[in-house]
$ cat run.pdb   # PDB, C-alpha atoms and all ligand atoms
ATOM      1  CA  MET P   1     -16.919  -7.915  15.196
ATOM      2  CA  ALA P   2     -14.390  -9.992  17.138
ATOM      3  CA  ALA P   3     -15.099 -12.948  14.842
ATOM      4  CA  LEU P   4     -14.541 -10.755  11.813
ATOM      5  CA  THR P   5     -11.225  -9.542  13.181
ATOM      6  CA  ALA P   6     -10.115 -13.080  13.982
ATOM      7  CA  HIS P   7     -11.064 -14.135  10.487
ATOM      8  CA  ALA P   8      -9.102 -11.264   8.958
ATOM      9  CA  GLY P   9      -6.152 -12.326  11.119
ATOM     10  CA  GLU P  10      -6.353 -15.898   9.833
ATOM     11  CA  LYS P  11      -6.528 -14.642   6.282
ATOM     12  CA  LEU P  12      -3.434 -12.529   6.786
ATOM     13  CA  GLN P  13      -1.578 -15.507   8.223
ATOM     14  CA  GLU P  14      -2.533 -17.609   5.227
ATOM     15  CA  ASN P  15      -1.340 -14.853   2.937
ATOM     16  CA  ALA P  16       1.905 -14.569   4.865
ATOM     17  CA  ALA P  17       2.508 -18.265   4.253
ATOM     18  CA  ASP P  18       2.291 -17.578   0.513
ATOM     19  CA  GLY P  19       5.138 -15.089   0.813
ATOM     20  CA  PRO P  20       4.996 -11.348   0.230
ATOM     21  CA  LEU P  21       2.835  -9.858  -2.512
ATOM     22  CA  LEU P  22       4.990  -6.793  -3.090
ATOM     23  CA  GLU P  23       8.521  -6.234  -1.887
ATOM     24  CA  GLY P  24      10.916  -3.354  -2.191
ATOM     25  CA  LYS P  25      14.410  -4.554  -1.334
ATOM     26  CA  ASP P  26      17.101  -2.039  -0.351
ATOM     27  CA  ILE P  27      15.629   0.667  -2.565
ATOM     28  CA  SER P  28      17.750   3.772  -3.028
ATOM     29  CA  VAL P  29      16.963   6.763  -5.204
ATOM     30  CA  THR P  30      19.594   9.413  -5.853
ATOM     31  CA  PHE P  31      18.646  12.543  -7.775
ATOM     32  CA  GLY P  32      21.339  14.594  -9.503
ATOM     33  CA  ARG P  33      25.015  13.796  -9.911
ATOM     34  CA  GLY P  34      28.392  14.528  -8.359
ATOM     35  CA  THR P  35      28.331  17.292  -5.782
ATOM     36  CA  GLU P  36      24.632  17.874  -6.578
ATOM     37  CA  ALA P  37      23.713  14.271  -5.788
ATOM     38  CA  PHE P  38      20.921  13.919  -3.271
ATOM     39  CA  ASP P  39      19.630  10.693  -1.718
ATOM     40  CA  ALA P  40      15.838  10.923  -1.611
ATOM     41  CA  VAL P  41      15.575   7.283  -0.462
ATOM     42  CA  ARG P  42      18.341   5.224   1.175
ATOM     43  CA  ALA P  43      18.291   1.416   1.238
ATOM     44  CA  ALA P  44      14.603   1.226   2.139
ATOM     45  CA  SER P  45      12.958  -2.193   2.351
ATOM     46  CA  VAL P  46       9.187  -2.550   2.372
ATOM     47  CA  THR P  47       7.097  -5.727   2.424
ATOM     48  CA  LEU P  48       3.374  -6.004   1.706
ATOM     49  CA  TYR P  49       1.357  -9.212   2.093
ATOM     50  CA  GLY P  50      -1.858  -9.979   0.257
ATOM     51  CA  GLY P  51      -4.895  -8.238   1.735
ATOM     52  CA  GLU P  52      -3.064  -6.094   4.265
ATOM     53  CA  ALA P  53      -2.930  -2.344   4.661
ATOM     54  CA  VAL P  54       0.455  -0.875   5.444
ATOM     55  CA  GLY P  55       1.305   2.739   6.164
ATOM     56  CA  ILE P  56       4.281   4.891   5.248
ATOM     57  CA  VAL P  57       4.586   8.021   7.367
ATOM     58  CA  GLY P  58       7.097  10.822   7.539
ATOM     59  CA  GLU P  59       7.352  14.568   7.213
ATOM     60  CA  SER P  60       7.360  16.423   3.920
ATOM     61  CA  GLY P  61      10.437  15.573   1.839
ATOM     62  CA  SER P  62      11.208  12.335   3.701
ATOM     63  CA  GLY P  63      10.980  10.289   0.474
ATOM     64  CA  LYS P  64       7.521   8.707   0.750
ATOM     65  CA  THR P  65       6.314   9.567  -2.755
ATOM     66  CA  THR P  66       9.666   8.705  -4.312
ATOM     67  CA  LEU P  67       9.638   5.263  -2.666
ATOM     68  CA  ALA P  68       6.015   4.729  -3.759
ATOM     69  CA  ARG P  69       6.842   5.683  -7.345
ATOM     70  CA  VAL P  70       9.564   3.039  -7.362
ATOM     71  CA  LEU P  71       7.192   0.402  -5.969
ATOM     72  CA  VAL P  72       4.594   1.158  -8.629
ATOM     73  CA  GLY P  73       7.154   1.227 -11.450
ATOM     74  CA  LEU P  74       7.098   4.943 -12.254
ATOM     75  CA  GLN P  75      10.606   5.631 -11.014
ATOM     76  CA  ARG P  76      13.727   3.582 -11.609
ATOM     77  CA  PRO P  77      15.636   2.996  -8.370
ATOM     78  CA  SER P  78      19.344   3.874  -8.244
ATOM     79  CA  ALA P  79      19.836   0.634  -6.320
ATOM     80  CA  GLY P  80      17.652  -2.196  -5.119
ATOM     81  CA  GLU P  81      14.872  -4.336  -6.508
ATOM     82  CA  VAL P  82      11.090  -4.577  -6.593
ATOM     83  CA  TRP P  83       9.477  -8.011  -6.412
ATOM     84  CA  LEU P  84       5.838  -8.776  -7.089
ATOM     85  CA  GLU P  85       4.360 -12.207  -6.358
ATOM     86  CA  GLY P  86       7.804 -13.726  -6.060
ATOM     87  CA  GLU P  87       9.085 -12.383  -9.359
ATOM     88  CA  ARG P  88      11.647  -9.668  -9.804
ATOM     89  CA  LEU P  89       9.940  -6.849 -11.648
ATOM     90  CA  TYR P  90      12.265  -4.025 -11.528
ATOM     91  CA  SER P  91      15.799  -3.250 -10.506
ATOM     92  CA  ALA P  92      18.473  -0.628 -10.897
ATOM     93  CA  ALA P  93      20.358  -3.028 -13.146
ATOM     94  CA  ALA P  94      17.392  -3.838 -15.403
ATOM     95  CA  GLU P  95      17.473  -2.297 -18.845
ATOM     96  CA  ARG P  96      13.754  -1.931 -19.242
ATOM     97  CA  ARG P  97      11.171  -0.398 -16.994
ATOM     98  CA  LEU P  98       8.424  -2.559 -15.601
ATOM     99  CA  PRO P  99       6.794  -4.484 -18.454
ATOM    100  CA  ARG P 100       3.340  -3.179 -19.233
ATOM    101  CA  SER P 101       1.815  -6.622 -18.778
ATOM    102  CA  GLU P 102       2.848  -6.446 -15.111
ATOM    103  CA  ARG P 103       2.208  -2.785 -14.467
ATOM    104  CA  TRP P 104      -1.552  -3.057 -13.915
ATOM    105  CA  LYS P 105      -1.074  -5.118 -10.768
ATOM    106  CA  THR P 106      -0.008  -2.087  -8.749
ATOM    107  CA  GLN P 107      -1.973   1.135  -9.086
ATOM    108  CA  MET P 108      -1.455   4.488  -7.419
ATOM    109  CA  ILE P 109      -3.682   7.409  -6.537
ATOM    110  CA  PHE P 110      -2.202  10.796  -5.913
ATOM    111  CA  GLN P 111      -2.541  13.695  -3.536
ATOM    112  CA  ASP P 112      -4.197  16.027  -6.029
ATOM    113  CA  PRO P 113      -7.111  14.298  -7.768
ATOM    114  CA  TYR P 114      -7.554  17.184 -10.173
ATOM    115  CA  SER P 115      -4.178  16.931 -11.855
ATOM    116  CA  SER P 116      -4.567  13.169 -12.349
ATOM    117  CA  LEU P 117      -7.895  13.486 -14.225
ATOM    118  CA  ASN P 118      -8.105  14.859 -17.748
ATOM    119  CA  PRO P 119     -10.230  18.043 -17.478
ATOM    120  CA  ARG P 120     -11.603  17.531 -20.997
ATOM    121  CA  MET P 121     -12.924  14.040 -20.352
ATOM    122  CA  ARG P 122     -16.233  13.341 -18.673
ATOM    123  CA  VAL P 123     -15.863  11.391 -15.463
ATOM    124  CA  TRP P 124     -17.227   8.148 -16.905
ATOM    125  CA  GLN P 125     -14.956   8.493 -19.947
ATOM    126  CA  ALA P 126     -11.855   8.773 -17.762
ATOM    127  CA  VAL P 127     -12.783   5.496 -16.066
ATOM    128  CA  ALA P 128     -13.991   3.807 -19.273
ATOM    129  CA  GLU P 129     -10.679   4.659 -20.915
ATOM    130  CA  ALA P 130      -8.819   2.821 -18.149
ATOM    131  CA  VAL P 131     -11.215  -0.122 -18.453
ATOM    132  CA  GLN P 132     -10.707  -0.272 -22.222
ATOM    133  CA  VAL P 133      -6.944  -0.039 -22.015
ATOM    134  CA  TRP P 134      -6.622  -2.860 -19.519
ATOM    135  CA  HIS P 135      -9.441  -5.181 -20.502
ATOM    136  CA  ASN P 136      -9.611  -4.565 -24.209
ATOM    137  CA  LEU P 137     -13.405  -4.275 -24.037
ATOM    138  CA  PRO P 138     -15.597  -2.664 -26.694
ATOM    139  CA  ARG P 139     -16.638   0.907 -25.904
ATOM    140  CA  ALA P 140     -20.208   0.146 -24.811
ATOM    141  CA  ALA P 141     -19.121  -2.614 -22.429
ATOM    142  CA  ALA P 142     -16.349  -0.411 -21.051
ATOM    143  CA  ARG P 143     -18.928   2.301 -20.325
ATOM    144  CA  VAL P 144     -21.126  -0.121 -18.403
ATOM    145  CA  GLU P 145     -18.155  -1.348 -16.389
ATOM    146  CA  ALA P 146     -17.016   2.236 -15.725
ATOM    147  CA  LEU P 147     -20.460   3.233 -14.415
ATOM    148  CA  ARG P 148     -20.552   0.121 -12.243
ATOM    149  CA  LEU P 149     -17.146   0.937 -10.741
ATOM    150  CA  LEU P 150     -18.182   4.544 -10.177
ATOM    151  CA  HIS P 151     -21.356   3.380  -8.416
ATOM    152  CA  THR P 152     -19.353   1.286  -5.991
ATOM    153  CA  MET P 153     -17.386   4.463  -5.204
ATOM    154  CA  GLY P 154     -20.600   6.377  -4.517
ATOM    155  CA  ILE P 155     -20.608   8.337  -7.799
ATOM    156  CA  SER P 156     -24.048   8.539  -9.444
ATOM    157  CA  ASP P 157     -24.751   8.340 -13.188
ATOM    158  CA  ASP P 158     -25.513  12.059 -13.101
ATOM    159  CA  GLN P 159     -22.135  12.850 -11.585
ATOM    160  CA  ALA P 160     -20.451  10.445 -13.992
ATOM    161  CA  ARG P 161     -21.703  12.573 -16.902
ATOM    162  CA  GLN P 162     -20.006  15.714 -15.525
ATOM    163  CA  PHE P 163     -16.513  17.003 -16.190
ATOM    164  CA  PRO P 164     -14.094  16.708 -13.241
ATOM    165  CA  LYS P 165     -14.303  20.432 -12.473
ATOM    166  CA  SER P 166     -18.004  20.115 -11.544
ATOM    167  CA  LEU P 167     -17.228  17.568  -8.832
ATOM    168  CA  SER P 168     -16.026  18.214  -5.304
ATOM    169  CA  GLY P 169     -12.498  17.272  -4.267
ATOM    170  CA  GLY P 170     -13.758  14.229  -2.399
ATOM    171  CA  GLN P 171     -15.817  13.059  -5.385
ATOM    172  CA  ARG P 172     -12.856  13.522  -7.710
ATOM    173  CA  GLN P 173     -10.687  11.499  -5.372
ATOM    174  CA  ARG P 174     -13.267   8.680  -5.441
ATOM    175  CA  VAL P 175     -13.258   8.864  -9.254
ATOM    176  CA  SER P 176      -9.461   8.435  -9.098
ATOM    177  CA  VAL P 177      -9.951   5.332  -6.971
ATOM    178  CA  ALA P 178     -12.466   3.937  -9.491
ATOM    179  CA  ARG P 179      -9.980   4.570 -12.288
ATOM    180  CA  ALA P 180      -7.161   2.926 -10.344
ATOM    181  CA  LEU P 181      -9.363  -0.118  -9.673
ATOM    182  CA  ALA P 182     -10.294  -0.500 -13.366
ATOM    183  CA  PRO P 183      -7.521  -2.993 -14.169
ATOM    184  CA  GLY P 184      -8.347  -5.064 -11.067
ATOM    185  CA  PRO P 185      -5.033  -4.382  -9.307
ATOM    186  CA  LYS P 186      -3.653  -6.430  -6.420
ATOM    187  CA  VAL P 187      -2.089  -3.420  -4.733
ATOM    188  CA  LEU P 188      -3.360   0.132  -4.379
ATOM    189  CA  ILE P 189      -0.900   2.790  -3.286
ATOM    190  CA  ALA P 190      -2.698   5.847  -1.952
ATOM    191  CA  ASP P 191      -0.330   8.809  -1.649
ATOM    192  CA  GLU P 192      -1.750  11.389   0.785
ATOM    193  CA  PRO P 193      -5.177  10.869  -0.799
ATOM    194  CA  THR P 194      -7.036  12.928   1.776
ATOM    195  CA  SER P 195      -4.773  15.944   2.110
ATOM    196  CA  SER P 196      -6.652  18.158  -0.351
ATOM    197  CA  ILE P 197     -10.214  17.363   0.746
ATOM    198  CA  ASP P 198     -12.413  18.447   3.650
ATOM    199  CA  GLN P 199     -12.967  16.378   6.781
ATOM    200  CA  SER P 200     -16.219  14.642   5.907
ATOM    201  CA  ALA P 201     -14.926  13.729   2.441
ATOM    202  CA  GLN P 202     -11.757  12.514   4.156
ATOM    203  CA  ALA P 203     -13.730  10.201   6.419
ATOM    204  CA  GLN P 204     -15.747   8.899   3.469
ATOM    205  CA  LEU P 205     -12.606   8.112   1.457
ATOM    206  CA  LEU P 206     -10.889   6.432   4.410
ATOM    207  CA  ASN P 207     -13.954   4.248   5.001
ATOM    208  CA  LEU P 208     -13.995   3.344   1.343
ATOM    209  CA  LEU P 209     -10.328   2.317   1.412
ATOM    210  CA  ARG P 210     -10.903   0.328   4.579
ATOM    211  CA  HIS P 211     -13.843  -1.431   2.939
ATOM    212  CA  LEU P 212     -11.749  -2.280  -0.143
ATOM    213  CA  GLN P 213      -9.094  -3.788   2.101
ATOM    214  CA  SER P 214     -11.253  -5.670   4.596
ATOM    215  CA  GLU P 215     -14.093  -6.794   2.319
ATOM    216  CA  ARG P 216     -12.396  -7.175  -1.037
ATOM    217  CA  GLY P 217      -8.935  -8.142   0.145
ATOM    218  CA  LEU P 218      -7.162  -5.377  -1.736
ATOM    219  CA  ALA P 219      -3.641  -4.779  -0.403
ATOM    220  CA  ILE P 220      -3.097  -1.088   0.315
ATOM    221  CA  ILE P 221      -0.084   1.089   0.953
ATOM    222  CA  PHE P 222      -1.346   4.257   2.587
ATOM    223  CA  ILE P 223       1.011   7.227   2.640
ATOM    224  CA  SER P 224       0.479  10.126   4.981
ATOM    225  CA  HIS P 225       2.265  12.531   7.271
ATOM    226  CA  ASP P 226      -0.666  12.039   9.683
ATOM    227  CA  LEU P 227      -0.152   9.063  11.993
ATOM    228  CA  GLY P 228      -3.743   9.431  13.188
ATOM    229  CA  LEU P 229      -5.078   8.509   9.736
ATOM    230  CA  VAL P 230      -2.481   5.763   9.367
ATOM    231  CA  ARG P 231      -3.580   4.252  12.662
ATOM    232  CA  TYR P 232      -7.178   4.133  11.461
ATOM    233  CA  LEU P 233      -6.393   2.260   8.278
ATOM    234  CA  THR P 234      -3.267   0.148   8.654
ATOM    235  CA  SER P 235      -1.975  -2.770  10.698
ATOM    236  CA  ARG P 236       1.726  -2.133  10.056
ATOM    237  CA  VAL P 237       3.657   1.041   9.458
ATOM    238  CA  TYR P 238       7.025   2.247   8.178
ATOM    239  CA  VAL P 239       8.346   5.554   9.457
ATOM    240  CA  MET P 240      10.563   7.544   7.097
ATOM    241  CA  GLN P 241      12.889  10.383   7.943
ATOM    242  CA  LYS P 242      15.129  12.088   5.383
ATOM    243  CA  GLY P 243      15.181   9.097   3.061
ATOM    244  CA  ASP P 244      15.677   6.415   5.713
ATOM    245  CA  ILE P 245      13.171   4.025   7.214
ATOM    246  CA  VAL P 246      13.886   4.690  10.874
ATOM    247  CA  GLU P 247      11.186   2.490  12.413
ATOM    248  CA  ALA P 248       8.818  -0.259  11.291
ATOM    249  CA  GLY P 249       6.315  -2.451  13.076
ATOM    250  CA  GLU P 250       2.694  -3.078  13.974
ATOM    251  CA  THR P 251       0.939   0.274  13.852
ATOM    252  CA  GLN P 252      -0.531  -0.038  17.315
ATOM    253  CA  ALA P 253       2.781  -1.036  18.901
ATOM    254  CA  VAL P 254       4.642   1.753  17.120
ATOM    255  CA  MET P 255       2.052   4.261  18.295
ATOM    256  CA  GLU P 256       2.059   3.003  21.878
ATOM    257  CA  GLN P 257       5.784   2.457  22.251
ATOM    258  CA  PRO P 258       7.710   4.316  19.595
ATOM    259  CA  GLN P 259      11.361   3.300  19.590
ATOM    260  CA  HIS P 260      12.675   6.261  17.639
ATOM    261  CA  SER P 261      12.629   9.897  18.755
ATOM    262  CA  TYR P 262      11.393  10.974  15.324
ATOM    263  CA  THR P 263       8.361   8.669  15.593
ATOM    264  CA  GLN P 264       7.655  10.201  19.009
ATOM    265  CA  LEU P 265       7.749  13.625  17.373
ATOM    266  CA  LEU P 266       5.236  12.533  14.722
ATOM    267  CA  ILE P 267       2.928  11.097  17.387
ATOM    268  CA  ASN P 268       3.070  14.326  19.349
ATOM    269  CA  SER P 269       2.018  16.251  16.251
ATOM    270  CA  ILE P 270      -1.207  14.253  15.709
ATOM    271  CA  PRO P 271      -3.974  16.873  15.584
ATOM    272  CA  GLY P 272      -6.241  16.963  18.625
ATOM    273  CA  ARG P 273      -3.945  14.772  20.670
TER     274      ARG P 273
HETATM  275  N1  LIG P 301      12.502  14.353  -9.652
HETATM  276  C1  LIG P 301      13.198  14.860  -8.618
HETATM  277  N2  LIG P 301      14.375  15.484  -8.805
HETATM  278  C2  LIG P 301      15.081  15.971  -7.751
HETATM  279  N3  LIG P 301      14.697  15.863  -6.480
HETATM  280  C3  LIG P 301      13.528  15.258  -6.230
HETATM  281  C4  LIG P 301      12.704  14.718  -7.279
HETATM  282  N4  LIG P 301      11.594  14.162  -6.721
HETATM  283  C5  LIG P 301      11.729  14.351  -5.400
HETATM  284  N5  LIG P 301      12.873  15.012  -5.093
HETATM  285  C6  LIG P 301      13.341  15.352  -3.741
HETATM  286  O1  LIG P 301      13.403  14.162  -2.979
HETATM  287  C7  LIG P 301      12.998  14.394  -1.636
HETATM  288  C8  LIG P 301      11.857  13.438  -1.286
HETATM  289  O2  LIG P 301      10.699  13.841  -2.000
HETATM  290  P1  LIG P 301       9.322  13.084  -1.891
HETATM  291  O3  LIG P 301       8.380  13.763  -2.796
HETATM  292  O4  LIG P 301       9.548  11.636  -2.084
HETATM  293  O5  LIG P 301       8.928  13.365  -0.369
HETATM  294  P2  LIG P 301       7.575  13.092   0.387
HETATM  295  O6  LIG P 301       7.928  12.370   1.638
HETATM  296  O7  LIG P 301       6.614  12.441  -0.524
HETATM  297  O8  LIG P 301       7.093  14.566   0.752
HETATM  298  P3  LIG P 301       5.593  15.171   0.833
HETATM  299  O9  LIG P 301       5.061  14.744   2.177
HETATM  300  O10 LIG P 301       5.821  16.664   0.792
HETATM  301  O11 LIG P 301       4.799  14.664  -0.309
HETATM  302  C9  LIG P 301      12.614  15.865  -1.558
HETATM  303  O12 LIG P 301      13.701  16.570  -1.017
HETATM  304  C10 LIG P 301      12.371  16.246  -2.998
HETATM  305  O13 LIG P 301      12.665  17.607  -3.204
HETATM  306 MG    MG P 302       4.738  13.021  -1.279
END
$ encode --input "run.pdb" --output "structure tokens"
Amino acid sequence: MAALTAHAGEKLQENAADGPLLEGKDISVTFGRGTEAFDAVRAASVTLYGGEAVGIVGESGSGKTTLARVLVGLQRPSAGEVWLEGERLYSAAAERRLPRSERWKTQMIFQDPYSSLNPRMRVWQAVAEAVQVWHNLPRAAARVEALRLLHTMGISDDQARQFPKSLSGGQRQRVSVARALAPGPKVLIADEPTSSIDQSAQAQLLNLLRHLQSERGLAIIFISHDLGLVRYLTSRVYVMQKGDIVEAGETQAVMEQPQHSYTQLLINSIPGR
């Protein structure tokens, strides 16, 4: 175990030497105009290295999802830039949104796995569609790849033939992960992925994400209001409050010696503490 951890540490250091994988630089998002203008995110900077898992925590409305949507290219920032592998992908000044050829590299899964899956598509079809779109494979090959991906997420062929409504919340969330992994992304952003599922499904999904990060080297941004879950999965964390990043650092250090009163508040609200 210790050897494994040391190895993971070496790998992270190597990755750090390559420079960041994904970077949000001074990201601001303002909704509305004039007197209605509201800053959902204010000059937030986030850095993610290859193979690491980083957390974003904060209470409801603190701007976590908005920041994530900017990082993944779903939301244009009002100011700031997003860099991926040393190239500027996206900025407030850019005319276009993220080019499609680059968009596959960062994938996101959402809080509610039901709304992100088409209810009229069988589970395997939803994943095969993503495979086809990104890899331009013929239908039969895409089906095989979809079933393989679903297997690695613990979804059987039988379950893959069902419609999403016949699956449990935890199963649906694992289908969403399979779909997100279809293009072979470098970054997975998981936005409160466990908030709508029961505890055992939660544990299963967290273990799966941890496995993807530690064994397959997938870089993960894990968003939650629950610092307990963030501590389990991540090595660094950003704490957001009302649109600002108020604290950032190694997860363990932040948990043991929070520098900001708001972080202290979040720690005190960890269930069962
Ligand atoms: N499209 C939008 N138009 C206007 N305001 C928005 C929009 N999207 C988000 N907001 C506002 O921005 C703020 C941040 O929202 P966001 O969803 O990023 O928070 P969050 O930290 O993800 O919260 P939660 O934990 O509840 O998911 C909220 O006050 C929200 O109402
Ligand atoms: Mg959110």
$ atom_distance --input "run.pdb" --atom1 "CA of Arg210 in chain P" --atom2 "CA of Leu233 in chain P"
6.1 Å
$ residues_near_ligand --input "run.pdb" --ligand "ligand MG 302 (chain P)" --cutoff "12 Å" --atoms "all atoms listed in the file" --output "ChimeraX atom specification"
/P:40,56-69,109-112,189-193,195,222-225,240,243
$ write_last_selection --input "run.pdb" --atoms "C-alpha atoms" --output "PDB file, in the coordinates of the input"
ATOM      1  CA  ALA P  40      15.838  10.923  -1.611  1.00  0.00           C
ATOM      2  CA  ILE P  56       4.281   4.891   5.248  1.00  0.00           C
ATOM      3  CA  VAL P  57       4.586   8.021   7.367  1.00  0.00           C
ATOM      4  CA  GLY P  58       7.097  10.822   7.539  1.00  0.00           C
ATOM      5  CA  GLU P  59       7.352  14.568   7.213  1.00  0.00           C
ATOM      6  CA  SER P  60       7.360  16.423   3.920  1.00  0.00           C
ATOM      7  CA  GLY P  61      10.437  15.573   1.839  1.00  0.00           C
ATOM      8  CA  SER P  62      11.208  12.335   3.701  1.00  0.00           C
ATOM      9  CA  GLY P  63      10.980  10.289   0.474  1.00  0.00           C
ATOM     10  CA  LYS P  64       7.521   8.707   0.750  1.00  0.00           C
ATOM     11  CA  THR P  65       6.314   9.567  -2.755  1.00  0.00           C
ATOM     12  CA  THR P  66       9.666   8.705  -4.312  1.00  0.00           C
ATOM     13  CA  LEU P  67       9.638   5.263  -2.666  1.00  0.00           C
ATOM     14  CA  ALA P  68       6.015   4.729  -3.759  1.00  0.00           C
ATOM     15  CA  ARG P  69       6.842   5.683  -7.345  1.00  0.00           C
ATOM     16  CA  ILE P 109      -3.682   7.409  -6.537  1.00  0.00           C
ATOM     17  CA  PHE P 110      -2.202  10.796  -5.913  1.00  0.00           C
ATOM     18  CA  GLN P 111      -2.541  13.695  -3.536  1.00  0.00           C
ATOM     19  CA  ASP P 112      -4.197  16.027  -6.029  1.00  0.00           C
ATOM     20  CA  ILE P 189      -0.900   2.790  -3.286  1.00  0.00           C
ATOM     21  CA  ALA P 190      -2.698   5.847  -1.952  1.00  0.00           C
ATOM     22  CA  ASP P 191      -0.330   8.809  -1.649  1.00  0.00           C
ATOM     23  CA  GLU P 192      -1.750  11.389   0.785  1.00  0.00           C
ATOM     24  CA  PRO P 193      -5.177  10.869  -0.799  1.00  0.00           C
ATOM     25  CA  SER P 195      -4.773  15.944   2.110  1.00  0.00           C
ATOM     26  CA  PHE P 222      -1.346   4.257   2.587  1.00  0.00           C
ATOM     27  CA  ILE P 223       1.011   7.227   2.640  1.00  0.00           C
ATOM     28  CA  SER P 224       0.479  10.126   4.981  1.00  0.00           C
ATOM     29  CA  HIS P 225       2.265  12.531   7.271  1.00  0.00           C
ATOM     30  CA  MET P 240      10.563   7.544   7.097  1.00  0.00           C
ATOM     31  CA  GLY P 243      15.181   9.097   3.061  1.00  0.00           C
TER      32      GLY P 243
END
$ resolve_selection --input "run.pdb" --expression "the PyMOL selection byres (((chain P and resi 144) around 12) and not hetatm)" --output "PyMOL selection string"
chain P and resi 124-125+127-129+131-132+137-143+145-151+157+160+182
$ closest_residue --input "run.pdb" --among "P:Val239, P:Val246, P:Leu167, P:Met121" --to "ligand LIG 301 (chain P)" --atoms "all atoms listed in the file"
P:Val239
$ residues_around --input "run.pdb" --residues "Pro183 in chain P" --least-positions-apart "2" --cutoff "10 Å" --atoms "only C-alpha atoms" --output "list of chain:residue names"
P:Arg103, P:Trp104, P:Lys105, P:Thr106, P:Gln107, P:Ala130, P:Val131, P:Gln132, P:Val133, P:Trp134, P:His135, P:Ala178, P:Arg179, P:Ala180, P:Leu181, P:Pro185, P:Lys186
$ residues_around --input "run.pdb" --residues "Phe38 in chain P" --least-positions-apart "5" --cutoff "12 Å" --atoms "all atoms listed in the file" --output "number ranges by chain"
P: 28-33, 61, 63, 78, 242-243
$ write_last_selection --input "run.pdb" --atoms "C-alpha atoms" --output "mmCIF file, keeping the file's coordinate frame"
data_model
loop_
_atom_site.group_PDB
_atom_site.id
_atom_site.type_symbol
_atom_site.label_atom_id
_atom_site.label_comp_id
_atom_site.auth_asym_id
_atom_site.auth_seq_id
_atom_site.Cartn_x
_atom_site.Cartn_y
_atom_site.Cartn_z
ATOM 1 C CA SER P 28 17.750 3.772 -3.028
ATOM 2 C CA VAL P 29 16.963 6.763 -5.204
ATOM 3 C CA THR P 30 19.594 9.413 -5.853
ATOM 4 C CA PHE P 31 18.646 12.543 -7.775
ATOM 5 C CA GLY P 32 21.339 14.594 -9.503
ATOM 6 C CA ARG P 33 25.015 13.796 -9.911
ATOM 7 C CA GLY P 61 10.437 15.573 1.839
ATOM 8 C CA GLY P 63 10.980 10.289 0.474
ATOM 9 C CA SER P 78 19.344 3.874 -8.244
ATOM 10 C CA LYS P 242 15.129 12.088 5.383
ATOM 11 C CA GLY P 243 15.181 9.097 3.061
#
$ closest_residue --input "run.pdb" --among "P:Ile267, P:Arg236, P:Asp198, P:Glu87" --to "Ala253 in chain P" --atoms "only C-alpha atoms"
P:Arg236
$ closest_residue --input "run.pdb" --among "P:Thr152, P:Asn268, P:Gln241, P:Thr234" --to "ligand LIG 301 (chain P)" --atoms "all atoms listed in the file"
P:Gln241
$ axis_aligned_box --input "run.pdb" --around "ligand LIG 301 (chain P)" --padding-each-side "4 Å" --output "JSON"
{"center_x": 9.9, "center_y": 14.6, "center_z": -3.7, "size_x": 18.3, "size_y": 14.0, "size_z": 19.8}
$ residues_around --input "run.pdb" --residues "Val237 in chain P" --least-positions-apart "3" --cutoff "7 Å" --atoms "all atoms listed in the file" --output "ChimeraX atom specification"
/P:54-56,248-251
$ atom_distance --input "run.pdb" --atom1 "atom C3 of ligand LIG 301 (chain P)" --atom2 "CA of Glu36 in chain P"
11.4 Å
$ atom_distance --input "run.pdb" --atom1 "CA of Leu84 in chain P" --atom2 "CA of Pro20 in chain P"
7.8 Å
$ resolve_selection --input "run.pdb" --expression "the PyMOL selection byres (((chain P and resi 208) around 12) and not hetatm)" --output "count of residues only"
30
$ resolve_selection --input "run.pdb" --expression "the PyMOL selection byres (((chain P and resi 23) around 8) and not hetatm)" --output "ChimeraX atom specification"
/P:20-22,24-25,45-48,71,82-84
$ residues_near_point --input "run.pdb" --point "(-15.7, 19.0, -13.8)" --cutoff "8 Å" --atoms "all atoms listed in the file" --output "ChimeraX atom specification"
/P:119,122-123,162-167
$ closest_residue --input "run.pdb" --among "P:Gln159, P:Gln252, P:Ser176, P:Ser196" --to "ligand LIG 301 (chain P)" --atoms "all atoms listed in the file"
P:Ser196
$ closest_residue --input "run.pdb" --among "P:Asp26, P:Glu52, P:Asp39, P:Asp158" --to "ligand LIG 301 (chain P)" --atoms "all atoms listed in the file"
P:Asp39
$ closest_residue --input "run.pdb" --among "P:Val70, P:Asp18, P:His260, P:Ser156" --to "ligand LIG 301 (chain P)" --atoms "only C-alpha atoms and all ligand atoms"
P:Val70
$ residues_near_point --input "run.pdb" --point "(-0.8, 6.0, 15.1)" --cutoff "9 Å" --atoms "only C-alpha atoms" --output "PyMOL selection string"
chain P and resi 226-232+237+251-256+266-267+270
$ build_atoms --input "run.pdb" --residues "range 240-244 of chain P" --atoms "N, CA and C atoms" --output "PDB file, in the frame of the given file"
ATOM      1  N   MET P 240       9.433   7.036   7.886  1.00  0.00           N
ATOM      2  CA  MET P 240      10.563   7.544   7.097  1.00  0.00           C
ATOM      3  C   MET P 240      11.001   8.914   7.585  1.00  0.00           C
ATOM      4  N   GLN P 241      12.318   9.085   7.613  1.00  0.00           N
ATOM      5  CA  GLN P 241      12.889  10.383   7.943  1.00  0.00           C
ATOM      6  C   GLN P 241      14.069  10.624   7.018  1.00  0.00           C
ATOM      7  N   LYS P 242      14.017  11.697   6.273  1.00  0.00           N
ATOM      8  CA  LYS P 242      15.129  12.088   5.383  1.00  0.00           C
ATOM      9  C   LYS P 242      15.666  10.926   4.558  1.00  0.00           C
ATOM     10  N   GLY P 243      14.754  10.150   3.968  1.00  0.00           N
ATOM     11  CA  GLY P 243      15.181   9.097   3.061  1.00  0.00           C
ATOM     12  C   GLY P 243      15.418   7.738   3.693  1.00  0.00           C
ATOM     13  N   ASP P 244      15.458   7.702   5.031  1.00  0.00           N
ATOM     14  CA  ASP P 244      15.677   6.415   5.713  1.00  0.00           C
ATOM     15  C   ASP P 244      14.390   5.920   6.351  1.00  0.00           C
TER      16      ASP P 244
END
